[in-house]
Structures are given as structure tokens and as C-alpha cells.
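Student: One file is attached below, my_file-v7.txt, containing compact mmCIF, all heavy atoms.
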```txt
# COMPACT_ATOMS: atom_id res chain seq x y z
N MET A 1 -16.82 -11.42 19.48
CA MET A 1 -15.54 -10.80 19.72
C MET A 1 -14.43 -11.54 18.99
O MET A 1 -13.54 -10.92 18.44
CB MET A 1 -15.28 -10.74 21.23
CG MET A 1 -14.02 -10.06 21.61
SD MET A 1 -14.12 -8.30 21.26
CE MET A 1 -12.73 -7.71 22.13
N SER A 2 -14.48 -12.87 18.97
CA SER A 2 -13.41 -13.62 18.33
C SER A 2 -13.38 -13.39 16.82
O SER A 2 -12.30 -13.40 16.22
CB SER A 2 -13.49 -15.10 18.65
OG SER A 2 -14.59 -15.69 17.99
N ALA A 3 -14.53 -13.16 16.21
CA ALA A 3 -14.55 -12.86 14.77
C ALA A 3 -13.86 -11.53 14.50
O ALA A 3 -13.15 -11.37 13.51
CB ALA A 3 -16.00 -12.83 14.26
N TYR A 4 -14.04 -10.58 15.39
CA TYR A 4 -13.39 -9.28 15.27
C TYR A 4 -11.87 -9.43 15.37
O TYR A 4 -11.12 -8.87 14.57
CB TYR A 4 -13.92 -8.34 16.36
CG TYR A 4 -13.27 -6.99 16.38
CD1 TYR A 4 -13.59 -6.03 15.42
CD2 TYR A 4 -12.32 -6.66 17.34
CE1 TYR A 4 -12.99 -4.78 15.42
CE2 TYR A 4 -11.72 -5.42 17.36
CZ TYR A 4 -12.06 -4.48 16.39
OH TYR A 4 -11.47 -3.25 16.39
N VAL A 5 -11.43 -10.18 16.35
CA VAL A 5 -9.99 -10.41 16.53
C VAL A 5 -9.43 -11.16 15.34
O VAL A 5 -8.35 -10.83 14.84
CB VAL A 5 -9.72 -11.17 17.86
CG1 VAL A 5 -8.27 -11.59 17.96
CG2 VAL A 5 -10.14 -10.33 19.05
N GLU A 6 -10.14 -12.13 14.85
CA GLU A 6 -9.71 -12.89 13.67
C GLU A 6 -9.56 -11.96 12.46
O GLU A 6 -8.59 -12.06 11.72
CB GLU A 6 -10.71 -14.00 13.35
CG GLU A 6 -10.38 -14.79 12.11
CD GLU A 6 -9.10 -15.60 12.23
OE1 GLU A 6 -8.75 -15.99 13.35
OE2 GLU A 6 -8.47 -15.85 11.17
N ALA A 7 -10.50 -11.06 12.28
CA ALA A 7 -10.42 -10.10 11.17
C ALA A 7 -9.21 -9.18 11.34
O ALA A 7 -8.53 -8.87 10.35
CB ALA A 7 -11.70 -9.29 11.09
N LEU A 8 -8.93 -8.74 12.54
CA LEU A 8 -7.75 -7.91 12.80
C LEU A 8 -6.46 -8.65 12.49
O LEU A 8 -5.54 -8.10 11.87
CB LEU A 8 -7.73 -7.43 14.25
CG LEU A 8 -8.76 -6.39 14.65
CD1 LEU A 8 -8.66 -6.11 16.15
CD2 LEU A 8 -8.57 -5.12 13.86
N ILE A 9 -6.39 -9.88 12.91
CA ILE A 9 -5.19 -10.69 12.64
C ILE A 9 -5.02 -10.90 11.15
O ILE A 9 -3.92 -10.78 10.60
CB ILE A 9 -5.27 -12.04 13.39
CG1 ILE A 9 -5.17 -11.79 14.90
CG2 ILE A 9 -4.18 -12.98 12.92
CD1 ILE A 9 -5.49 -13.01 15.75
N GLN A 10 -6.12 -11.20 10.47
CA GLN A 10 -6.07 -11.41 9.02
C GLN A 10 -5.59 -10.15 8.30
O GLN A 10 -4.76 -10.22 7.40
CB GLN A 10 -7.45 -11.82 8.50
CG GLN A 10 -7.44 -12.39 7.12
CD GLN A 10 -6.65 -13.69 7.03
OE1 GLN A 10 -6.51 -14.42 8.00
NE2 GLN A 10 -6.12 -13.97 5.87
N ARG A 11 -6.09 -9.02 8.71
CA ARG A 11 -5.68 -7.74 8.10
C ARG A 11 -4.19 -7.49 8.33
O ARG A 11 -3.48 -7.06 7.43
CB ARG A 11 -6.50 -6.59 8.66
CG ARG A 11 -6.03 -5.24 8.13
CD ARG A 11 -6.91 -4.16 8.59
NE ARG A 11 -7.86 -3.93 7.53
CZ ARG A 11 -8.78 -3.01 7.55
NH1 ARG A 11 -8.93 -2.25 8.58
NH2 ARG A 11 -9.58 -2.84 6.53
N GLN A 12 -3.71 -7.77 9.53
CA GLN A 12 -2.29 -7.57 9.82
C GLN A 12 -1.43 -8.51 8.98
O GLN A 12 -0.38 -8.10 8.46
CB GLN A 12 -2.00 -7.78 11.31
CG GLN A 12 -0.58 -7.43 11.67
CD GLN A 12 -0.23 -5.99 11.39
OE1 GLN A 12 -0.97 -5.09 11.76
NE2 GLN A 12 0.88 -5.75 10.71
N LEU A 13 -1.85 -9.74 8.81
CA LEU A 13 -1.12 -10.68 7.96
C LEU A 13 -1.06 -10.19 6.52
O LEU A 13 -0.02 -10.29 5.85
CB LEU A 13 -1.75 -12.08 8.04
CG LEU A 13 -1.59 -12.80 9.37
CD1 LEU A 13 -2.42 -14.08 9.37
CD2 LEU A 13 -0.12 -13.10 9.66
N GLU A 14 -2.18 -9.65 6.03
CA GLU A 14 -2.21 -9.11 4.67
C GLU A 14 -1.26 -7.92 4.54
O GLU A 14 -0.55 -7.79 3.54
CB GLU A 14 -3.64 -8.69 4.31
CG GLU A 14 -4.57 -9.86 4.13
CD GLU A 14 -6.03 -9.46 4.02
OE1 GLU A 14 -6.35 -8.25 4.15
OE2 GLU A 14 -6.86 -10.35 3.82
N ARG A 15 -1.23 -7.06 5.54
CA ARG A 15 -0.32 -5.90 5.51
C ARG A 15 1.14 -6.35 5.55
O ARG A 15 1.99 -5.80 4.86
CB ARG A 15 -0.61 -4.96 6.67
CG ARG A 15 -1.88 -4.19 6.49
CD ARG A 15 -2.12 -3.27 7.65
NE ARG A 15 -3.33 -2.50 7.43
CZ ARG A 15 -3.83 -1.65 8.29
NH1 ARG A 15 -3.23 -1.46 9.45
NH2 ARG A 15 -4.93 -1.00 8.01
N ASP A 16 1.41 -7.35 6.38
CA ASP A 16 2.77 -7.87 6.45
C ASP A 16 3.20 -8.45 5.11
O ASP A 16 4.32 -8.21 4.64
CB ASP A 16 2.89 -8.95 7.52
CG ASP A 16 2.73 -8.40 8.94
OD1 ASP A 16 2.79 -7.17 9.13
OD2 ASP A 16 2.53 -9.24 9.86
N ARG A 17 2.32 -9.18 4.47
CA ARG A 17 2.63 -9.77 3.16
C ARG A 17 2.81 -8.67 2.11
O ARG A 17 3.72 -8.76 1.28
CB ARG A 17 1.51 -10.74 2.73
CG ARG A 17 1.75 -11.39 1.41
CD ARG A 17 2.99 -12.27 1.44
NE ARG A 17 3.20 -12.84 0.11
CZ ARG A 17 4.38 -12.93 -0.47
NH1 ARG A 17 5.46 -12.53 0.15
NH2 ARG A 17 4.49 -13.42 -1.67
N LEU A 18 1.98 -7.66 2.13
CA LEU A 18 2.12 -6.55 1.20
C LEU A 18 3.46 -5.85 1.39
O LEU A 18 4.14 -5.52 0.42
CB LEU A 18 0.96 -5.56 1.37
CG LEU A 18 0.97 -4.35 0.44
CD1 LEU A 18 0.97 -4.79 -1.02
CD2 LEU A 18 -0.23 -3.48 0.73
N ARG A 19 3.85 -5.64 2.64
CA ARG A 19 5.15 -5.02 2.93
C ARG A 19 6.27 -5.86 2.35
O ARG A 19 7.22 -5.35 1.76
CB ARG A 19 5.30 -4.84 4.44
CG ARG A 19 6.66 -4.41 4.94
CD ARG A 19 7.27 -3.15 4.38
NE ARG A 19 6.41 -2.01 4.22
CZ ARG A 19 6.62 -1.03 3.33
NH1 ARG A 19 7.68 -1.07 2.53
NH2 ARG A 19 5.82 -0.02 3.23
N GLU A 20 6.20 -7.19 2.48
CA GLU A 20 7.21 -8.09 1.92
C GLU A 20 7.27 -7.95 0.40
O GLU A 20 8.37 -7.91 -0.18
CB GLU A 20 6.91 -9.53 2.29
CG GLU A 20 7.12 -9.86 3.76
CD GLU A 20 6.67 -11.27 4.10
OE1 GLU A 20 6.34 -12.06 3.19
OE2 GLU A 20 6.65 -11.59 5.30
N LEU A 21 6.11 -7.89 -0.24
CA LEU A 21 6.08 -7.74 -1.70
C LEU A 21 6.71 -6.42 -2.14
O LEU A 21 7.45 -6.37 -3.12
CB LEU A 21 4.65 -7.85 -2.21
CG LEU A 21 4.00 -9.23 -2.09
CD1 LEU A 21 2.51 -9.14 -2.42
CD2 LEU A 21 4.70 -10.22 -3.00
N ILE A 22 6.41 -5.36 -1.41
CA ILE A 22 6.98 -4.05 -1.73
C ILE A 22 8.49 -4.08 -1.56
O ILE A 22 9.24 -3.59 -2.42
CB ILE A 22 6.34 -2.94 -0.87
CG1 ILE A 22 4.89 -2.75 -1.28
CG2 ILE A 22 7.13 -1.64 -0.97
CD1 ILE A 22 4.08 -1.88 -0.33
N GLU A 23 8.96 -4.65 -0.47
CA GLU A 23 10.40 -4.73 -0.23
C GLU A 23 11.10 -5.53 -1.32
O GLU A 23 12.19 -5.16 -1.78
CB GLU A 23 10.67 -5.31 1.15
CG GLU A 23 10.32 -4.36 2.27
CD GLU A 23 10.39 -4.99 3.65
OE1 GLU A 23 10.65 -6.22 3.75
OE2 GLU A 23 10.18 -4.27 4.64
N ASP A 24 10.50 -6.64 -1.74
CA ASP A 24 11.08 -7.45 -2.82
C ASP A 24 11.14 -6.66 -4.12
O ASP A 24 12.14 -6.69 -4.83
CB ASP A 24 10.27 -8.73 -3.03
CG ASP A 24 10.45 -9.74 -1.92
OD1 ASP A 24 11.39 -9.59 -1.10
OD2 ASP A 24 9.63 -10.70 -1.86
N ALA A 25 10.06 -5.97 -4.44
CA ALA A 25 10.01 -5.18 -5.68
C ALA A 25 11.05 -4.06 -5.64
O ALA A 25 11.74 -3.81 -6.65
CB ALA A 25 8.61 -4.61 -5.90
N GLU A 26 11.18 -3.40 -4.51
CA GLU A 26 12.17 -2.33 -4.39
C GLU A 26 13.59 -2.86 -4.45
O GLU A 26 14.48 -2.21 -5.00
CB GLU A 26 11.94 -1.52 -3.12
CG GLU A 26 10.72 -0.63 -3.20
CD GLU A 26 10.50 0.21 -1.95
OE1 GLU A 26 11.03 -0.14 -0.86
OE2 GLU A 26 9.77 1.22 -2.06
N ALA A 27 13.82 -4.05 -3.93
CA ALA A 27 15.15 -4.65 -4.00
C ALA A 27 15.53 -4.93 -5.46
O ALA A 27 16.68 -4.78 -5.85
CB ALA A 27 15.20 -5.93 -3.17
N LYS A 28 14.56 -5.33 -6.26
CA LYS A 28 14.80 -5.65 -7.67
C LYS A 28 14.83 -4.42 -8.56
O LYS A 28 15.61 -4.35 -9.50
CB LYS A 28 13.74 -6.60 -8.19
CG LYS A 28 13.79 -7.97 -7.59
CD LYS A 28 12.67 -8.85 -8.12
CE LYS A 28 12.65 -10.18 -7.39
NZ LYS A 28 11.50 -10.99 -7.78
N ASN A 29 13.97 -3.43 -8.27
CA ASN A 29 13.75 -2.32 -9.19
C ASN A 29 14.14 -0.95 -8.65
O ASN A 29 13.99 0.05 -9.35
CB ASN A 29 12.28 -2.27 -9.59
CG ASN A 29 11.82 -3.57 -10.19
OD1 ASN A 29 12.42 -4.07 -11.14
ND2 ASN A 29 10.78 -4.15 -9.63
N GLY A 30 14.56 -0.87 -7.41
CA GLY A 30 14.86 0.42 -6.79
C GLY A 30 13.62 0.99 -6.13
O GLY A 30 12.52 0.47 -6.27
N ARG A 31 13.83 2.06 -5.40
CA ARG A 31 12.73 2.69 -4.66
C ARG A 31 11.72 3.30 -5.61
O ARG A 31 12.07 3.74 -6.69
CB ARG A 31 13.26 3.75 -3.71
CG ARG A 31 14.21 3.14 -2.70
CD ARG A 31 14.11 3.61 -1.30
NE ARG A 31 12.91 4.28 -0.91
CZ ARG A 31 12.15 3.85 0.08
NH1 ARG A 31 12.45 2.77 0.71
NH2 ARG A 31 11.10 4.54 0.44
N VAL A 32 10.51 3.36 -5.16
CA VAL A 32 9.41 3.94 -5.93
C VAL A 32 9.46 5.46 -5.81
O VAL A 32 9.74 6.00 -4.74
CB VAL A 32 8.06 3.40 -5.40
CG1 VAL A 32 6.90 4.06 -6.08
CG2 VAL A 32 8.00 1.90 -5.55
N ASP A 33 9.19 6.14 -6.92
CA ASP A 33 9.12 7.59 -6.93
C ASP A 33 7.81 8.02 -6.26
O ASP A 33 6.72 7.76 -6.77
CB ASP A 33 9.18 8.09 -8.37
CG ASP A 33 9.02 9.59 -8.50
OD1 ASP A 33 9.21 10.31 -7.49
OD2 ASP A 33 8.72 10.05 -9.62
N GLN A 34 7.91 8.66 -5.10
CA GLN A 34 6.72 9.02 -4.33
C GLN A 34 5.80 9.96 -5.10
O GLN A 34 4.58 9.88 -4.99
CB GLN A 34 7.09 9.64 -2.98
CG GLN A 34 5.90 9.81 -2.05
CD GLN A 34 5.20 8.52 -1.73
OE1 GLN A 34 5.83 7.51 -1.43
NE2 GLN A 34 3.88 8.51 -1.78
N ALA A 35 6.36 10.86 -5.91
CA ALA A 35 5.53 11.76 -6.70
C ALA A 35 4.69 10.98 -7.71
O ALA A 35 3.51 11.30 -7.92
CB ALA A 35 6.39 12.79 -7.43
N ALA A 36 5.25 9.94 -8.28
CA ALA A 36 4.50 9.10 -9.23
C ALA A 36 3.38 8.35 -8.50
O ALA A 36 2.27 8.23 -9.01
CB ALA A 36 5.43 8.12 -9.94
N VAL A 37 3.69 7.86 -7.31
CA VAL A 37 2.66 7.17 -6.51
C VAL A 37 1.52 8.13 -6.18
O VAL A 37 0.34 7.79 -6.32
CB VAL A 37 3.28 6.59 -5.22
CG1 VAL A 37 2.20 6.06 -4.28
CG2 VAL A 37 4.29 5.51 -5.54
N ASP A 38 1.86 9.33 -5.76
CA ASP A 38 0.84 10.32 -5.41
C ASP A 38 -0.02 10.68 -6.62
O ASP A 38 -1.24 10.83 -6.49
CB ASP A 38 1.49 11.58 -4.84
CG ASP A 38 2.14 11.33 -3.49
OD1 ASP A 38 1.79 10.33 -2.82
OD2 ASP A 38 2.99 12.15 -3.10
N ALA A 39 0.60 10.78 -7.79
CA ALA A 39 -0.15 11.10 -9.01
C ALA A 39 -1.12 9.98 -9.35
O ALA A 39 -2.29 10.23 -9.68
CB ALA A 39 0.81 11.36 -10.16
N LYS A 40 -0.65 8.74 -9.26
CA LYS A 40 -1.53 7.59 -9.56
C LYS A 40 -2.65 7.50 -8.53
O LYS A 40 -3.80 7.22 -8.87
CB LYS A 40 -0.73 6.29 -9.58
CG LYS A 40 0.36 6.25 -10.59
CD LYS A 40 -0.15 6.31 -11.99
CE LYS A 40 0.98 6.06 -12.95
NZ LYS A 40 1.17 7.01 -13.98
N ARG A 41 -2.33 7.76 -7.26
CA ARG A 41 -3.34 7.71 -6.21
C ARG A 41 -4.43 8.75 -6.47
O ARG A 41 -5.62 8.48 -6.31
CB ARG A 41 -2.68 7.95 -4.85
CG ARG A 41 -3.66 7.87 -3.70
CD ARG A 41 -2.96 8.02 -2.36
NE ARG A 41 -2.17 6.83 -2.10
CZ ARG A 41 -0.92 6.85 -1.65
NH1 ARG A 41 -0.30 7.99 -1.41
NH2 ARG A 41 -0.28 5.72 -1.43
N ALA A 42 -4.03 9.94 -6.89
CA ALA A 42 -5.00 11.00 -7.19
C ALA A 42 -5.91 10.59 -8.34
O ALA A 42 -7.12 10.84 -8.30
CB ALA A 42 -4.27 12.29 -7.51
N ILE A 43 -5.34 9.96 -9.35
CA ILE A 43 -6.15 9.49 -10.48
C ILE A 43 -7.17 8.46 -10.01
O ILE A 43 -8.35 8.52 -10.35
CB ILE A 43 -5.26 8.91 -11.59
CG1 ILE A 43 -4.45 10.02 -12.25
CG2 ILE A 43 -6.09 8.15 -12.63
CD1 ILE A 43 -3.34 9.54 -13.16
N LEU A 44 -6.72 7.50 -9.19
CA LEU A 44 -7.62 6.45 -8.70
C LEU A 44 -8.73 7.03 -7.83
O LEU A 44 -9.85 6.52 -7.82
CB LEU A 44 -6.84 5.41 -7.91
CG LEU A 44 -5.91 4.53 -8.74
CD1 LEU A 44 -5.05 3.67 -7.83
CD2 LEU A 44 -6.71 3.65 -9.69
N ARG A 45 -8.44 8.09 -7.12
CA ARG A 45 -9.44 8.71 -6.26
C ARG A 45 -10.28 9.73 -6.98
O ARG A 45 -11.17 10.34 -6.40
CB ARG A 45 -8.75 9.36 -5.06
CG ARG A 45 -8.15 8.34 -4.13
CD ARG A 45 -7.55 8.98 -2.93
NE ARG A 45 -7.07 7.94 -2.00
CZ ARG A 45 -6.23 8.15 -1.03
NH1 ARG A 45 -5.77 9.37 -0.82
NH2 ARG A 45 -5.85 7.17 -0.25
N GLY A 46 -9.97 9.95 -8.26
CA GLY A 46 -10.77 10.89 -9.05
C GLY A 46 -10.34 12.32 -8.91
O GLY A 46 -11.10 13.22 -9.25
N ASN A 47 -9.14 12.55 -8.43
CA ASN A 47 -8.62 13.90 -8.26
C ASN A 47 -7.64 14.21 -9.39
O ASN A 47 -6.46 14.42 -9.16
CB ASN A 47 -7.92 14.06 -6.90
CG ASN A 47 -8.83 13.76 -5.74
OD1 ASN A 47 -10.04 13.95 -5.84
ND2 ASN A 47 -8.27 13.28 -4.66
N ALA A 48 -8.14 14.28 -10.60
CA ALA A 48 -7.27 14.48 -11.77
C ALA A 48 -6.48 15.78 -11.66
O ALA A 48 -5.32 15.85 -12.06
CB ALA A 48 -8.09 14.46 -13.05
N ALA A 49 -7.07 16.83 -11.10
CA ALA A 49 -6.36 18.10 -10.96
C ALA A 49 -5.16 17.93 -10.03
O ALA A 49 -4.09 18.47 -10.29
CB ALA A 49 -7.30 19.18 -10.43
N ASP A 50 -5.34 17.16 -8.94
CA ASP A 50 -4.23 16.90 -8.04
C ASP A 50 -3.12 16.13 -8.72
O ASP A 50 -1.95 16.37 -8.49
CB ASP A 50 -4.69 16.12 -6.80
CG ASP A 50 -5.62 16.93 -5.91
OD1 ASP A 50 -5.64 18.18 -6.05
OD2 ASP A 50 -6.31 16.33 -5.09
N SER A 51 -3.47 15.18 -9.59
CA SER A 51 -2.46 14.37 -10.26
C SER A 51 -1.67 15.21 -11.24
O SER A 51 -0.50 14.99 -11.47
CB SER A 51 -3.09 13.17 -10.95
OG SER A 51 -3.90 13.59 -12.03
N ALA A 52 -2.29 16.20 -11.87
CA ALA A 52 -1.59 17.07 -12.81
C ALA A 52 -0.54 17.89 -12.06
O ALA A 52 0.55 18.13 -12.56
CB ALA A 52 -2.58 17.99 -13.54
N ASN A 53 -0.86 18.32 -10.85
CA ASN A 53 0.08 19.09 -10.05
C ASN A 53 1.21 18.23 -9.53
O ASN A 53 2.33 18.69 -9.35
CB ASN A 53 -0.63 19.76 -8.86
CG ASN A 53 -1.62 20.82 -9.32
OD1 ASN A 53 -1.46 21.41 -10.38
ND2 ASN A 53 -2.64 21.04 -8.52
N ALA A 54 0.95 16.95 -9.27
CA ALA A 54 1.95 16.06 -8.72
C ALA A 54 2.90 15.53 -9.78
O ALA A 54 4.01 15.16 -9.48
CB ALA A 54 1.28 14.88 -8.00
N ALA A 55 2.47 15.50 -11.04
CA ALA A 55 3.30 14.90 -12.08
C ALA A 55 4.37 15.81 -12.60
O ALA A 55 4.62 16.86 -12.33
CB ALA A 55 2.43 14.49 -13.25
```
The structure in this file should be written as C-alpha cells.

Tutor:
Amino acid sequence: MSAYVEALIQRQLERDRLRELIEDAEAKNGRVDQAAVDAKRAILRGNAADSANAA
């Protein structure tokens, strides 16, 4: 059980750090275009047709 809890805590720490990195990047560069994010996500997931519609 403690290994499970440790993994959950580790994941939350990683998410918190990622959120900090995103906030820093947005403070420097402005907000991210959600349509661009969705298009890139579709490409990474192999949904090229979805990315063409999102772009």
C-alpha cells in the first residue's frame, strides 16, 4: 500500500511541477493557442485527419 501512495504522491509532484513550467512559459510567451495544441495532440496520437480539421 505504501508503494501505491508513494507513486500517487510522486505523480502529483510531477503534475505540480509541470503546471509551474506551463505558467512560467505562458508568463514569458503568452497563452498557448488551444487549437494548435489540439492539432499537435492529434498528430501525436496518429489522428492526422483530426489535426487537419483543427488547424

Student: Could you work out an axis-aligned bounding box for all listed atoms of region 4-21 of chain A, with 5 Å added on each of the six sides, and give its centre and edge lengths in Å to one decimal, as AutoDock Vina command-line options?

Tutor:
```
--center_x -2.8 --center_y -8.0 --center_z 8.0 --size_x 32.4 --size_y 26.0 --size_z 32.2
```

Student: Could you pull out the residues in chain A that DSSP calls helix (DSSP H, G or I) from the backbone, as a ChimeraX atom specification?

Tutor: /A:2-29,34-44,48-54

Student: When you draw a straight line from atom N of Ala25 (chain A) to CA of Leu13 (chain A), how long is it in Å?

Tutor: 17.3 Å

Student: How many Å separate atom C of Asp38 (chain A) from atom C of Asp24 (chain A)?

Tutor: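 Going from atom C of Asp38 (chain A) over to atom C of Asp24 (chain A) covers 20.8 Å.
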
Student: In Å, how far is it from CB of Gln34 (chain A) to CZ of Arg19 (chain A)?

Tutor: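 Computed distance, CB of Gln34 (chain A) to CZ of Arg19 (chain A), equals 12.4 Å.
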